[in-house]
Amino acid sequence: MSEFFTVSVIFATLSTSIRFAVPYLFAALGETVGQRSGVLNLGVDGIMLLGGFGAYYAVLETDSHILGVIAGLAVGLLMGLVYGVVTVFLHAKQGISGIGIFLFGLGFSDLLFQELVGTPLPIRPLPRLDQLPAVGGIFEPLVELPVVGPLIFDHDLLTFLAFLLVPAVTWLLRKTTFGMNVRAVGENPQAADSLGVSVARTRFISILIGSTLAGLAGATLSMQLAIFQQNLTNGIGFIAVALVYFGAWQPRWVMAGALLYGIVTATRIRWQSLDIIPQGASDVAAMAPAVITILALVLLASRVRGPAALTRPFSRH
Amino acid sequence: MKNKKILKLLGALFAFTLLATACGSSSTDSAGESDGGSDGGSAEASTGLSVAVVAPSASDDVAFTQSMIDSLGRLGVSPQVTDGTFVVEEAAAAIRGFAEDGTDVVVAHGTQYGGSLEEIAPDFPETSFIWGTATDNRGLDNVFAYNPAADQGGYVMGLIAGNIVGGEDIGVVGPVEAGDAVAYINGFALGAEAAGSSTSIVYTGSFSDVALATTTAQAHVDNGVSALTGTSQSAVGAVNIASANELPWFGTQSNTEPWSEDFTVVSQVYHWDVVLAEMFALIEDGTLGGQAFELTLENEGLVLEYNDAFELDADVRAAADEAVAGIISGDIATQ
Amino acid sequence: MERTPLLSMHNITKTFPGVLANDDVSFDVHSGEVHTLLGENGAGKSTLMKILFGLYQPDSGEIRLRGEIAAIDSPTSAIEHRVGMVHQHFMLVPTLTVAENVALGLPSARGFRTDLDAVSERILEISNQYGLAVDPGIEIWKLSVGERQRVEIIKALYRDAELLVLDEPTAVLTPQEVDDLFVILRQMTNDGTGIIFISHKLHEVLELSDRITVLRNGAVTGSTTPAESDRQQLAEMMVGREVKLAPDKPAVDRGPARLQLRNVSVKGDRGTVAVDDVSLDVHAGEIVGIAGVSGNGQRELAETIAGLRNAQGGSVRIDSTDLTNASPAEVRAAGFAYVPEERMKDGAVGEFEVSENLLLINHGDPQFRKGPLFDFAKIRAHSQRLVDQFSVKTPTLDTPTSTLSGGNIQKLIMARELDSSPTVILAAQPTRGVDIGAAEYIHSQLVQQRSDGVAILMVSEDLDEILGLADRIAVMFDGKIVTVIERESATREALGLAMAGG
Ligand SMILES: Nc1ncnc2c1ncn2[C@@H]1O[C@H](COP(=O)(O)OP(=O)(O)OP(=O)(O)O)[C@@H](O)[C@H]1O
Ligand SMILES: [Mg+2]
């Protein structure tokens, strides 16, 4: 094996990891906003499934990825409305309501898929930068750059959007009045309320942001894989919730977790394909991404206490 | 105040469970006429038995479950279907439910249902249970077992693949190291070896994780493989990578042409109808179980369906047909 | 002619399930005056103020501000009416900075983006004007209690409050901090602000107030001024009977040393030395008071003795048992009772019912069991007895503890701890936030335990309490015990000096 080949394989693995991390990142960033406001949403996976189906179906019918994205966002928003009403206004327990949303998403996405599609047909894959209609040519030289080309530029637009959202969410939480309200109601809703900040409204909007991004995460998944089937997410939404926790509710650590999870997954697959990990050890290897990511985040991310009012419904009396 | 909260919570819960269960149960319905497959050669006349199927994935998964539904269709049977029961307890409940309803034959289409059957079957001595994939019936006299000799078709397809790529590497995307997946992959590797190609095999650890199968196929492509194969419902991810990179794809369990019209070379399709017909005949004669059946190239339970859209060299095809004959005659070992 | 009061509340009535919290209360405040609300724990002071601030809605009655009817249905509308409130339990977000806490809920000059630099500037202006030193960029959790209070006041001033409510602002302050606060409040009244002040400390009330209104069981029982009354009279108006402000202490022979601390050193939360080589004996039949400004290691020392924190050096013994770094259960088993300083955090479970909290430390006791099950009849009887004895004001035994008034939670913990027949009691700020009547009862209980041969270590910032109860007084400063004085030779001045490190 020549030196160049090894290096290029490493970059190919990294490039795969980046793409792999995108649905995790969208979902976990959204969940970060929600949890910062004090609302845990265990239904992320279900919202992803429905959003994923919505996007898949839209592309299948119209061949338009833009409509696919819109469908994913819209489904996420709709599910957020339901979850928000139930948890914020009806004060239902967040844990069990989230599981309800998950079960609903799991069952309903499958039902819709059976009724509307049946046999899973591949859709047109998401175009990479250089394959974009009209403007694709501009990016061609970038994609052909050695090393950074495949690593950074050979991705679809949603991948760029996901990583741009990291500073954007950080900015939202730290530099805007809305973000300040979010942090306040997640920490001490009584205090926020006593200053006229509407706890209900702030949490509701945070939930909407979170689940809309979960819908986008699902849309990204089904459009990147160019397919939909029953339980397509395989628990990505739950891993995303865990990433928020182990990433200490900070977007940059959540991103680090998503990337690391992607890198470990891609690496273990790569090593299995090169027989570095023997075939018999595939079961153990399958657990590696979760274990390594959690360990790393626990050791590295500055351990702050979570939002003090997380999962606590708020009412004045 | 406390009571009001609890009421609200209950209300919300109720609404959710209603919705959730509504969806869960709605996949239990008659599968009706699935598209009946090309050759009905081995199919017998419709049986008067009432048949139900319990299966782990969707009835149109272009893989394991669909192959059973299609096979029953070819026998003119429209079974009642409970699919998507990847949770064994749910499947067990469904199996018991069908037996209680007086269904004549319950097909438990999943290796993982064996334990449940050992509990359920003795309670319903009048009912015949058909269980697979499994190599023996666990000593239960109202259970038939069925198993595909997936290594046979795997060998032939490996040989074809090796001949097409002419000695270059072939990537294999496996799910969990068990059952017919292992048989298929090992047979495929032997066949490829016979044609002078080596295979790189990765088991992802999941039957259903499409993203992981996609990543695995991509890793194979990055490593420079010249053809891909894979099995389980998650294989759809690998097929898409094959199409995107214009690599020949080899399917198994069902015909994968719907996934890749241009790059599917050949699919090994399970025609359970061959052994099902035998079992139905026995059941009608009063034998409710106690035997194990195998799908082979010889009994045409395994059928290699070639994709007309993929232009295969005549001599490659000839070598494949020769291998089929060799396997049937026992001259070629596939295990 | 009467001038129009800044605030007048007319015939306010408010009920909670099982409780008449405010009973036809009328109350007013003029610009530039301090009007004090006085009353026992649970008398309804905080409730009345929460109604004024829009957190609760009254069942009936009306509120007028500057003579006009004000419909205050939320904190926002209270703030719009230029009412500010410093709550009994601080309303601050610990993870946010001072400036963020102040800016919360206000529109930003930059619309969606925060304008914290401008807010910080204005905070510094206010803090210069009133001598409220605080760094706008620092997070609340890093601040001392006194500093947090300043932030609360700044929050109100920032919103141009003309009427400021302070609900027990001094309960957690050091004497020096109280003096500073009063200077600031005076400056504010001179500028025309009206202030409603709530406190259980009668000398503060007499010092600061222009007028005093007393509440009992939710109803107004009388109004007076400092000139017309004294501590004894105020105490009797609140409680409705004669009150002993200083307990009678019978002579008790000092027994053997029961609690022995030898060279104890403990690290604090931030890793610095909090308790530095402390040695102290507490004998059977004596009360040792630890005086000192809070934050000088008292809390860490108490937690170490209680088994909640590990010592880096030294030893802790009760009688002949070595309890250095033992678990809380082991310490309790040795006959130790603990009344913690942070009652809501360490002393009681807010979501638990009153009777559950009363049973918290002895739920394993066979007398409350019937086989493997709880004997609920016995438990109820036991809880009822404690509630009556310590006059804990609660509608039922099943009421969630967090809805009790602050002083009543303290009484609840006291009842539980004193009832466990301990041999050593550690009481931290035993009467903080507790009304006169209850304080009298708690003090008499501690004296009773002393007569029974219990060794009592009492941590208090209240010099009156220390001087009234302790047999010996240890002064803590900067983690060390700087002096131990017999009560007879202690003077207020000498103690004050030692507490300041002099
Ligand atoms: N949210 C609530 N729900 C139920 N009861 C309440 C609530 N808030 C207060 N109470 C009850 O109303 C009564 C008055 O309480 P309040 O807090 O006004 O007393 P307080 O005078 O401020 O006492 P303290 O001096 O102890 O702070 C108490 O009996 C209390 O238990
Ligand atoms: Mg109060």
# chains A, B, ... in the order shown; residues from 1 in each chain; ligands from 1

call {"tool": "select_by_dssp", "arguments": {"residues": "region 93-149 of chain C", "states": "strand (DSSP E or B)", "output": "ChimeraX atom specification"}}
result
/C:97,110,113,139

call {"tool": "write_last_selection", "arguments": {"atoms": "N, CA and C atoms", "output": "mmCIF file, in the first residue's frame"}}
result
data_model
loop_
_atom_site.group_PDB
_atom_site.id
_atom_site.type_symbol
_atom_site.label_atom_id
_atom_site.label_comp_id
_atom_site.auth_asym_id
_atom_site.auth_seq_id
_atom_site.Cartn_x
_atom_site.Cartn_y
_atom_site.Cartn_z
ATOM 1 N N THR C 97 -25.146 36.196 34.005
ATOM 2 C CA THR C 97 -24.358 37.256 34.636
ATOM 3 C C THR C 97 -25.293 38.268 35.298
ATOM 4 N N ARG C 110 -31.162 46.954 20.846
ATOM 5 C CA ARG C 110 -30.776 46.423 19.542
ATOM 6 C C ARG C 110 -31.767 45.385 19.038
ATOM 7 N N ARG C 113 -30.938 41.395 19.227
ATOM 8 C CA ARG C 113 -29.641 41.197 19.874
ATOM 9 C C ARG C 113 -29.633 41.862 21.250
ATOM 10 N N GLU C 139 -20.970 36.031 36.858
ATOM 11 C CA GLU C 139 -22.145 35.171 37.003
ATOM 12 C C GLU C 139 -22.616 35.144 38.455
#

call {"tool": "interface_residues", "arguments": {"of": "chain C", "to": "chain B", "cutoff": "12 Å", "atoms": "only C-alpha atoms", "output": "ChimeraX atom specification"}}
result
/C:16-17,399-400

call {"tool": "write_last_selection", "arguments": {"atoms": "C-alpha atoms", "output": "PDB file, in the first residue's frame"}}
result
ATOM      1  CA  PHE C  16     -55.300  28.658  49.148  1.00  0.00           C
ATOM      2  CA  PRO C  17     -56.729  25.173  49.528  1.00  0.00           C
ATOM      3  CA  THR C 399     -49.554  19.313  52.162  1.00  0.00           C
ATOM      4  CA  PRO C 400     -46.429  19.462  49.969  1.00  0.00           C
TER       5      PRO C 400
END

call {"tool": "residues_around", "arguments": {"residues": "region 258-267 of chain B", "least_positions_apart": "5", "cutoff": "7 Å", "atoms": "only C-alpha atoms", "output": "list of chain:residue names"}}
result
A:Leu121, A:Pro122, B:Val236, B:Val239, B:Ser243, B:Glu246, B:Leu247, B:Pro248, B:Trp249, B:Phe250, B:Gly251, B:Thr252, B:Leu304, B:Glu305, B:Tyr306, B:Asn307, B:Ala309, B:Phe310

call {"tool": "residues_near_ligand", "arguments": {"ligand": "ligand 1", "cutoff": "7 Å", "atoms": "only C-alpha atoms and all ligand atoms", "output": "NGL selection string"}}
result
(:A and (317)) or (:C and (16-17 or 19-21 or 39-48 or 393-395 or 403-408 or 433-435))

call {"tool": "write_last_selection", "arguments": {"atoms": "C-alpha atoms", "output": "compact mmCIF listing (two decimals), in the first residue's frame"}}
result
# COMPACT_ATOMS: atom_id res chain seq x y z
CA HIS A 317 -49.24 28.04 41.83
CA PHE C 16 -55.30 28.66 49.15
CA PRO C 17 -56.73 25.17 49.53
CA VAL C 19 -55.72 28.26 54.09
CA LEU C 20 -57.06 31.78 54.41
CA ALA C 21 -53.77 33.53 53.59
CA GLY C 39 -46.25 38.94 61.40
CA GLU C 40 -45.66 35.35 62.38
CA ASN C 41 -44.59 32.72 59.91
CA GLY C 42 -47.49 32.03 57.64
CA ALA C 43 -49.30 35.23 58.59
CA GLY C 44 -49.67 36.07 54.90
CA LYS C 45 -47.01 38.73 54.34
CA SER C 46 -45.40 37.16 51.29
CA THR C 47 -48.80 36.32 49.84
CA LEU C 48 -49.94 39.94 50.08
CA LYS C 393 -48.64 26.10 60.33
CA THR C 394 -49.85 23.71 57.66
CA PRO C 395 -53.36 23.09 56.31
CA THR C 403 -45.87 25.43 49.86
CA LEU C 404 -45.31 26.14 53.56
CA SER C 405 -44.02 29.56 54.50
CA GLY C 406 -40.27 29.80 55.03
CA GLY C 407 -40.35 29.90 58.80
CA ASN C 408 -42.67 26.94 59.03
CA GLY C 433 -36.53 33.49 59.12
CA VAL C 434 -38.53 32.22 62.09
CA ASP C 435 -41.01 34.48 63.83

call {"tool": "residues_around", "arguments": {"residues": "region 93-109 of chain B", "least_positions_apart": "3", "cutoff": "6 Å", "atoms": "only C-alpha atoms", "output": "PyMOL selection string"}}
result
chain B and resi 49-55+90+127-132

call {"tool": "atom_distance", "arguments": {"atom1": "CA of Ser37 (chain A)", "atom2": "CA of Thr202 (chain A)"}}
result
7.3 Å

call {"tool": "interface_residues", "arguments": {"of": "chain A", "to": "chain C", "cutoff": "12 Å", "atoms": "only C-alpha atoms", "output": "PyMOL selection string"}}
result
chain A and resi 36+171-199+202+304-309+315-317

call {"tool": "interface_residues", "arguments": {"of": "chain A", "to": "chain B", "cutoff": "9 Å", "atoms": "only C-alpha atoms", "output": "PyMOL selection string"}}
result
chain A and resi 8-9+12-13+16-17+20+86+90-93+96-97+100-101+103-111+114+118-122+125+221+224-234+265-266+269-270+272-275+279-280+282-283+285-286

call {"tool": "residues_around", "arguments": {"residues": "Val275 (chain C)", "least_positions_apart": "6", "cutoff": "6 Å", "atoms": "only C-alpha atoms", "output": "list of chain:residue names"}}
result
C:Ser265, C:Val266, C:Gly297, C:Gly479

call {"tool": "residues_around", "arguments": {"residues": "region 71-73 of chain A", "least_positions_apart": "5", "cutoff": "8 Å", "atoms": "only C-alpha atoms", "output": "list in words"}}
result
Leu50, Gly51, Gly52, Phe53, Gly54, Ala55, Ala58, Thr212, Leu213, Gly215, Leu216, Ala217, Gly218 and Ala219 of chain A

call {"tool": "write_last_selection", "arguments": {"atoms": "N, CA and C atoms", "output": "PDB file, in the first residue's frame"}}
result
ATOM      1  N   LEU A  50     -40.733  10.794  10.855  1.00  0.00           N
ATOM      2  CA  LEU A  50     -41.813  11.410  10.079  1.00  0.00           C
ATOM      3  C   LEU A  50     -41.256  12.442   9.099  1.00  0.00           C
ATOM      4  N   GLY A  51     -40.303  13.248   9.590  1.00  0.00           N
ATOM      5  CA  GLY A  51     -39.678  14.242   8.718  1.00  0.00           C
ATOM      6  C   GLY A  51     -38.951  13.550   7.566  1.00  0.00           C
ATOM      7  N   GLY A  52     -38.284  12.457   7.907  1.00  0.00           N
ATOM      8  CA  GLY A  52     -37.559  11.694   6.891  1.00  0.00           C
ATOM      9  C   GLY A  52     -38.502  11.158   5.834  1.00  0.00           C
ATOM     10  N   PHE A  53     -39.651  10.648   6.282  1.00  0.00           N
ATOM     11  CA  PHE A  53     -40.600  10.145   5.302  1.00  0.00           C
ATOM     12  C   PHE A  53     -41.150  11.289   4.449  1.00  0.00           C
ATOM     13  N   GLY A  54     -41.499  12.387   5.115  1.00  0.00           N
ATOM     14  CA  GLY A  54     -42.053  13.539   4.392  1.00  0.00           C
ATOM     15  C   GLY A  54     -41.119  13.976   3.270  1.00  0.00           C
ATOM     16  N   ALA A  55     -39.840  14.079   3.601  1.00  0.00           N
ATOM     17  CA  ALA A  55     -38.866  14.525   2.608  1.00  0.00           C
ATOM     18  C   ALA A  55     -38.737  13.503   1.489  1.00  0.00           C
ATOM     19  N   ALA A  58     -41.754  13.608  -0.729  1.00  0.00           N
ATOM     20  CA  ALA A  58     -41.774  14.816  -1.555  1.00  0.00           C
ATOM     21  C   ALA A  58     -40.811  14.678  -2.734  1.00  0.00           C
ATOM     22  N   THR A 212     -38.329  21.293  14.723  1.00  0.00           N
ATOM     23  CA  THR A 212     -38.151  21.614  13.309  1.00  0.00           C
ATOM     24  C   THR A 212     -36.785  21.115  12.833  1.00  0.00           C
ATOM     25  N   LEU A 213     -35.775  21.310  13.680  1.00  0.00           N
ATOM     26  CA  LEU A 213     -34.457  20.799  13.311  1.00  0.00           C
ATOM     27  C   LEU A 213     -34.443  19.269  13.296  1.00  0.00           C
ATOM     28  N   GLY A 215     -36.963  17.466  12.386  1.00  0.00           N
ATOM     29  CA  GLY A 215     -37.570  17.150  11.089  1.00  0.00           C
ATOM     30  C   GLY A 215     -36.549  17.285   9.966  1.00  0.00           C
ATOM     31  N   LEU A 216     -35.737  18.346  10.038  1.00  0.00           N
ATOM     32  CA  LEU A 216     -34.695  18.547   9.025  1.00  0.00           C
ATOM     33  C   LEU A 216     -33.658  17.425   9.099  1.00  0.00           C
ATOM     34  N   ALA A 217     -33.358  16.988  10.330  1.00  0.00           N
ATOM     35  CA  ALA A 217     -32.403  15.889  10.498  1.00  0.00           C
ATOM     36  C   ALA A 217     -32.912  14.640   9.786  1.00  0.00           C
ATOM     37  N   GLY A 218     -34.196  14.349   9.967  1.00  0.00           N
ATOM     38  CA  GLY A 218     -34.776  13.188   9.300  1.00  0.00           C
ATOM     39  C   GLY A 218     -34.754  13.355   7.793  1.00  0.00           C
ATOM     40  N   ALA A 219     -35.094  14.578   7.339  1.00  0.00           N
ATOM     41  CA  ALA A 219     -35.091  14.841   5.900  1.00  0.00           C
ATOM     42  C   ALA A 219     -33.693  14.631   5.333  1.00  0.00           C
TER      43      ALA A 219
END
